[in-house]
Amino acid sequence: MKLDRRIARFAVPDVLEVPADVRARILAVQEKAGFVPHVFLLLARRPAEFRAFMAWHDALMERAEGLSPAEREMIVVVTSAANRCLYCVVAHGAILRVRAKDPQIADILAVDWRKAGLSERQQAMLAFAEKLALRPWAVEDSDLDHLRRVGLSEEEIWDVGAITALFAASNRLAHVADLRPNPEFYTLGRTPRR
């Protein structure tokens, strides 16, 4: 492992040093994205934690049912902005721009999601995620009742809470590591692909 301050406060392994299954996952992402997101290298320093995190991530973020892929990323961006997590706002902002096919949405959500012109359902979803991120002790039955009234199912409500929880953990790891976004994330999804 080597310390690379452009990535994090902690040493990260070379991709060739990690177990085969972890390496395969990292190389698959590199093939698709054209680069290795720094979070993969940071988490790969502890392969068991890498596997557990990715399993939880995939179970929530890759579900076919319920929330759309863009809505899931909206929750990540708003939660990460509430937690002031530079890495996750930049990285998931890029993914959101791609999934929403909107070069401006992530910037608006990161600063003030209320100005994004979202549906009532999406506004309720993000208000709940922000409240759970900032004041989890204040969540009440009435908050969930409101989500139901605007059309979220029980499973979608669970997903909003679980995505917020996953990224609360992720944001805190990024903070302790001072994880830096890859430069590629800053431009991803800003102009249409050719």
# chains A, B, ... in the order shown; residues from 1 in each chain; ligands from 1
$ residues_around --residues "Pro13 of chain A" --least-positions-apart "2" --cutoff "7 Å" --atoms "only C-alpha atoms" --output "ChimeraX atom specification"
/A:1-2,11,15,17-18,41,44-45
$ residues_around --residues "Thr187 of chain A" --least-positions-apart "3" --cutoff "10 Å" --atoms "only C-alpha atoms" --output "NGL selection string"
:A and (90 or 94 or 97 or 103 or 183-184 or 190-191)
$ select_by_dssp --residues "chain A" --states "helix (DSSP H, G or I)" --output "JSON list (two decimals) with C-alpha atoms, in the first residue's frame"
[["chain", "number", "residue", "atom", "x", "y", "z"],
["A", 15, "VAL", "CA", -5.19, -2.66, -7.85],
["A", 16, "LEU", "CA", -2.87, -5.61, -8.48],
["A", 17, "GLU", "CA", -2.42, -6.10, -4.70],
["A", 20, "ALA", "CA", -9.17, -11.21, -7.30],
["A", 21, "ASP", "CA", -12.88, -10.51, -6.68],
["A", 22, "VAL", "CA", -12.17, -6.97, -5.46],
["A", 23, "ARG", "CA", -9.81, -6.37, -8.38],
["A", 24, "ALA", "CA", -12.44, -7.63, -10.84],
["A", 25, "ARG", "CA", -15.01, -5.19, -9.44],
["A", 26, "ILE", "CA", -12.58, -2.28, -9.62],
["A", 27, "LEU", "CA", -11.50, -3.12, -13.18],
["A", 28, "ALA", "CA", -15.13, -3.45, -14.30],
["A", 29, "VAL", "CA", -15.83, 0.06, -13.00],
["A", 30, "GLN", "CA", -12.67, 1.34, -14.67],
["A", 31, "GLU", "CA", -13.75, -0.23, -17.96],
["A", 32, "LYS", "CA", -17.17, 1.43, -17.78],
["A", 33, "ALA", "CA", -16.14, 4.84, -16.40],
["A", 38, "HIS", "CA", -10.90, 6.90, -5.45],
["A", 39, "VAL", "CA", -13.49, 5.43, -3.08],
["A", 40, "PHE", "CA", -12.87, 1.98, -4.58],
["A", 41, "LEU", "CA", -9.17, 2.23, -3.80],
["A", 42, "LEU", "CA", -9.82, 3.52, -0.29],
["A", 43, "LEU", "CA", -12.29, 0.74, 0.55],
["A", 47, "PRO", "CA", -11.33, -6.25, 1.32],
["A", 48, "ALA", "CA", -13.99, -7.59, 3.72],
["A", 49, "GLU", "CA", -15.31, -4.06, 4.26],
["A", 50, "PHE", "CA", -15.14, -3.36, 0.51],
["A", 51, "ARG", "CA", -17.32, -6.42, -0.16],
["A", 52, "ALA", "CA", -19.80, -5.55, 2.59],
["A", 53, "PHE", "CA", -20.10, -1.92, 1.51],
["A", 54, "MET", "CA", -20.54, -2.81, -2.14],
["A", 55, "ALA", "CA", -23.18, -5.43, -1.32],
["A", 56, "TRP", "CA", -25.18, -2.87, 0.70],
["A", 57, "HIS", "CA", -24.64, -0.22, -1.97],
["A", 58, "ASP", "CA", -25.79, -2.49, -4.79],
["A", 59, "ALA", "CA", -28.81, -3.77, -2.85],
["A", 60, "LEU", "CA", -30.02, -0.18, -2.45],
["A", 61, "MET", "CA", -28.76, 1.68, -5.49],
["A", 69, "PRO", "CA", -32.00, 5.49, -10.47],
["A", 70, "ALA", "CA", -31.97, 9.31, -10.66],
["A", 71, "GLU", "CA", -34.13, 9.63, -7.52],
["A", 72, "ARG", "CA", -31.72, 7.36, -5.65],
["A", 73, "GLU", "CA", -28.83, 9.61, -6.67],
["A", 74, "MET", "CA", -30.83, 12.70, -5.67],
["A", 75, "ILE", "CA", -31.02, 11.29, -2.14],
["A", 76, "VAL", "CA", -27.27, 10.69, -2.10],
["A", 77, "VAL", "CA", -26.48, 14.22, -3.27],
["A", 78, "VAL", "CA", -28.85, 15.89, -0.79],
["A", 79, "THR", "CA", -27.70, 13.67, 2.10],
["A", 80, "SER", "CA", -24.04, 14.21, 1.23],
["A", 81, "ALA", "CA", -24.55, 17.97, 0.92],
["A", 82, "ALA", "CA", -26.20, 18.00, 4.36],
["A", 86, "LEU", "CA", -17.15, 16.85, -0.89],
["A", 87, "TYR", "CA", -16.32, 13.43, -2.34],
["A", 88, "CYS", "CA", -19.89, 12.13, -2.42],
["A", 89, "VAL", "CA", -21.44, 15.38, -3.62],
["A", 90, "VAL", "CA", -19.01, 15.55, -6.53],
["A", 91, "ALA", "CA", -18.98, 11.83, -7.40],
["A", 92, "HIS", "CA", -22.70, 11.19, -7.01],
["A", 93, "GLY", "CA", -23.50, 14.57, -8.51],
["A", 94, "ALA", "CA", -21.76, 13.31, -11.66],
["A", 95, "ILE", "CA", -23.75, 10.07, -11.59],
["A", 96, "LEU", "CA", -26.96, 12.05, -11.05],
["A", 97, "ARG", "CA", -26.23, 14.31, -14.03],
["A", 98, "VAL", "CA", -25.79, 11.22, -16.20],
["A", 99, "ARG", "CA", -28.84, 9.36, -14.87],
["A", 100, "ALA", "CA", -31.13, 12.41, -14.97],
["A", 105, "ILE", "CA", -29.57, 19.20, -11.39],
["A", 106, "ALA", "CA", -26.74, 18.07, -9.11],
["A", 107, "ASP", "CA", -25.44, 21.59, -8.52],
["A", 108, "ILE", "CA", -28.91, 22.84, -7.61],
["A", 109, "LEU", "CA", -29.58, 19.92, -5.26],
["A", 110, "ALA", "CA", -26.22, 20.32, -3.54],
["A", 111, "VAL", "CA", -26.92, 23.96, -2.74],
["A", 112, "ASP", "CA", -30.72, 24.07, -2.27],
["A", 113, "TRP", "CA", -32.87, 21.22, -3.55],
["A", 114, "ARG", "CA", -35.99, 23.36, -2.95],
["A", 115, "LYS", "CA", -35.07, 25.42, -6.03],
["A", 120, "GLU", "CA", -44.16, 17.15, -4.81],
["A", 121, "ARG", "CA", -43.22, 13.50, -4.33],
["A", 122, "GLN", "CA", -39.50, 14.17, -4.92],
["A", 123, "GLN", "CA", -39.56, 17.24, -2.67],
["A", 124, "ALA", "CA", -41.09, 15.21, 0.15],
["A", 125, "MET", "CA", -38.53, 12.46, -0.39],
["A", 126, "LEU", "CA", -35.61, 14.90, -0.21],
["A", 127, "ALA", "CA", -37.03, 16.80, 2.77],
["A", 128, "PHE", "CA", -37.26, 13.51, 4.64],
["A", 129, "ALA", "CA", -33.72, 12.45, 3.62],
["A", 130, "GLU", "CA", -32.31, 15.81, 4.72],
["A", 131, "LYS", "CA", -34.13, 15.64, 8.05],
["A", 132, "LEU", "CA", -32.91, 12.08, 8.64],
["A", 133, "ALA", "CA", -29.35, 13.14, 7.77],
["A", 134, "LEU", "CA", -29.31, 16.21, 10.02],
["A", 136, "PRO", "CA", -32.48, 11.70, 12.88],
["A", 137, "TRP", "CA", -33.90, 11.89, 16.41],
["A", 138, "ALA", "CA", -36.63, 14.24, 15.14],
["A", 141, "ASP", "CA", -44.65, 8.98, 12.27],
["A", 142, "SER", "CA", -46.07, 12.11, 10.66],
["A", 143, "ASP", "CA", -43.00, 12.34, 8.40],
["A", 144, "LEU", "CA", -43.68, 8.86, 7.04],
["A", 145, "ASP", "CA", -47.40, 9.62, 6.76],
["A", 146, "HIS", "CA", -46.57, 12.60, 4.56],
["A", 147, "LEU", "CA", -44.42, 10.41, 2.31],
["A", 148, "ARG", "CA", -47.31, 7.98, 1.94],
["A", 149, "ARG", "CA", -49.71, 10.81, 1.09],
["A", 154, "GLU", "CA", -43.51, 1.42, 2.17],
["A", 155, "GLU", "CA", -40.56, -0.03, 0.25],
["A", 156, "GLU", "CA", -39.70, 3.35, -1.27],
["A", 157, "ILE", "CA", -39.83, 4.97, 2.18],
["A", 158, "TRP", "CA", -37.49, 2.27, 3.45],
["A", 159, "ASP", "CA", -35.17, 2.94, 0.51],
["A", 160, "VAL", "CA", -35.05, 6.68, 1.25],
["A", 161, "GLY", "CA", -34.10, 5.89, 4.86],
["A", 162, "ALA", "CA", -31.62, 3.16, 3.98],
["A", 163, "ILE", "CA", -29.88, 5.21, 1.27],
["A", 164, "THR", "CA", -29.60, 8.11, 3.70],
["A", 165, "ALA", "CA", -28.15, 5.76, 6.32],
["A", 166, "LEU", "CA", -25.66, 4.16, 3.92],
["A", 167, "PHE", "CA", -24.39, 7.54, 2.84],
["A", 168, "ALA", "CA", -24.21, 8.81, 6.40],
["A", 169, "ALA", "CA", -21.64, 6.04, 6.90],
["A", 170, "SER", "CA", -19.97, 6.68, 3.55],
["A", 171, "ASN", "CA", -19.80, 10.44, 4.15],
["A", 172, "ARG", "CA", -18.13, 9.94, 7.51],
["A", 173, "LEU", "CA", -15.52, 7.57, 6.06],
["A", 174, "ALA", "CA", -14.82, 10.11, 3.33],
["A", 175, "HIS", "CA", -14.39, 12.81, 5.99],
["A", 176, "VAL", "CA", -12.01, 10.81, 8.18],
["A", 177, "ALA", "CA", -9.98, 9.86, 5.11],
["A", 183, "PRO", "CA", -10.90, 15.12, -11.46],
["A", 184, "GLU", "CA", -13.01, 13.23, -14.02],
["A", 185, "PHE", "CA", -16.12, 13.54, -11.85],
["A", 186, "TYR", "CA", -16.20, 17.33, -12.19]]
$ decode --residues "segment 24-48 of chain A" --atoms "N, CA and C atoms" --output "mmCIF file, in the first residue's frame"
data_model
loop_
_atom_site.group_PDB
_atom_site.id
_atom_site.type_symbol
_atom_site.label_atom_id
_atom_site.label_comp_id
_atom_site.auth_asym_id
_atom_site.auth_seq_id
_atom_site.Cartn_x
_atom_site.Cartn_y
_atom_site.Cartn_z
ATOM 1 N N ALA A 24 -11.498 -7.509 -9.716
ATOM 2 C CA ALA A 24 -12.441 -7.629 -10.841
ATOM 3 C C ALA A 24 -13.499 -6.538 -10.784
ATOM 4 N N ARG A 25 -14.001 -6.245 -9.592
ATOM 5 C CA ARG A 25 -15.014 -5.194 -9.440
ATOM 6 C C ARG A 25 -14.428 -3.830 -9.799
ATOM 7 N N ILE A 26 -13.234 -3.559 -9.327
ATOM 8 C CA ILE A 26 -12.578 -2.277 -9.616
ATOM 9 C C ILE A 26 -12.309 -2.139 -11.114
ATOM 10 N N LEU A 27 -11.808 -3.189 -11.740
ATOM 11 C CA LEU A 27 -11.496 -3.122 -13.175
ATOM 12 C C LEU A 27 -12.756 -2.997 -14.022
ATOM 13 N N ALA A 28 -13.864 -3.597 -13.566
ATOM 14 C CA ALA A 28 -15.134 -3.454 -14.296
ATOM 15 C C ALA A 28 -15.608 -2.003 -14.259
ATOM 16 N N VAL A 29 -15.461 -1.356 -13.110
ATOM 17 C CA VAL A 29 -15.833 0.064 -13.002
ATOM 18 C C VAL A 29 -14.904 0.911 -13.867
ATOM 19 N N GLN A 30 -13.619 0.600 -13.846
ATOM 20 C CA GLN A 30 -12.667 1.344 -14.674
ATOM 21 C C GLN A 30 -13.006 1.203 -16.151
ATOM 22 N N GLU A 31 -13.385 0.014 -16.561
ATOM 23 C CA GLU A 31 -13.752 -0.229 -17.961
ATOM 24 C C GLU A 31 -14.953 0.624 -18.363
ATOM 25 N N LYS A 32 -15.939 0.691 -17.486
ATOM 26 C CA LYS A 32 -17.173 1.434 -17.782
ATOM 27 C C LYS A 32 -16.958 2.949 -17.703
ATOM 28 N N ALA A 33 -16.282 3.405 -16.651
ATOM 29 C CA ALA A 33 -16.136 4.841 -16.403
ATOM 30 C C ALA A 33 -14.912 5.453 -17.094
ATOM 31 N N GLY A 34 -13.906 4.643 -17.322
ATOM 32 C CA GLY A 34 -12.670 5.173 -17.895
ATOM 33 C C GLY A 34 -11.652 5.565 -16.838
ATOM 34 N N PHE A 35 -11.980 5.384 -15.565
ATOM 35 C CA PHE A 35 -11.075 5.688 -14.462
ATOM 36 C C PHE A 35 -11.529 4.904 -13.236
ATOM 37 N N VAL A 36 -10.666 4.825 -12.228
ATOM 38 C CA VAL A 36 -11.013 4.138 -10.979
ATOM 39 C C VAL A 36 -11.400 5.194 -9.948
ATOM 40 N N PRO A 37 -12.667 5.223 -9.535
ATOM 41 C CA PRO A 37 -13.048 6.173 -8.484
ATOM 42 C C PRO A 37 -12.225 5.933 -7.213
ATOM 43 N N HIS A 38 -11.753 7.003 -6.629
ATOM 44 C CA HIS A 38 -10.900 6.904 -5.454
ATOM 45 C C HIS A 38 -11.524 6.109 -4.319
ATOM 46 N N VAL A 39 -12.841 6.162 -4.170
ATOM 47 C CA VAL A 39 -13.485 5.430 -3.079
ATOM 48 C C VAL A 39 -13.231 3.929 -3.196
ATOM 49 N N PHE A 40 -13.140 3.415 -4.408
ATOM 50 C CA PHE A 40 -12.872 1.982 -4.582
ATOM 51 C C PHE A 40 -11.497 1.628 -4.043
ATOM 52 N N LEU A 41 -10.517 2.475 -4.307
ATOM 53 C CA LEU A 41 -9.174 2.225 -3.796
ATOM 54 C C LEU A 41 -9.129 2.344 -2.280
ATOM 55 N N LEU A 42 -9.804 3.344 -1.738
ATOM 56 C CA LEU A 42 -9.818 3.518 -0.289
ATOM 57 C C LEU A 42 -10.453 2.308 0.399
ATOM 58 N N LEU A 43 -11.609 1.881 -0.080
ATOM 59 C CA LEU A 43 -12.290 0.743 0.546
ATOM 60 C C LEU A 43 -11.532 -0.561 0.329
ATOM 61 N N ALA A 44 -10.814 -0.682 -0.768
ATOM 62 C CA ALA A 44 -10.088 -1.915 -1.070
ATOM 63 C C ALA A 44 -8.946 -2.175 -0.101
ATOM 64 N N ARG A 45 -8.582 -1.185 0.712
ATOM 65 C CA ARG A 45 -7.525 -1.401 1.702
ATOM 66 C C ARG A 45 -7.945 -2.450 2.723
ATOM 67 N N ARG A 46 -9.288 -2.663 2.837
ATOM 68 C CA ARG A 46 -9.828 -3.689 3.725
ATOM 69 C C ARG A 46 -10.865 -4.472 2.919
ATOM 70 N N PRO A 47 -10.454 -5.531 2.256
ATOM 71 C CA PRO A 47 -11.326 -6.247 1.322
ATOM 72 C C PRO A 47 -12.666 -6.698 1.899
ATOM 73 N N ALA A 48 -12.712 -7.157 3.133
ATOM 74 C CA ALA A 48 -13.989 -7.593 3.718
ATOM 75 C C ALA A 48 -14.958 -6.420 3.810
#
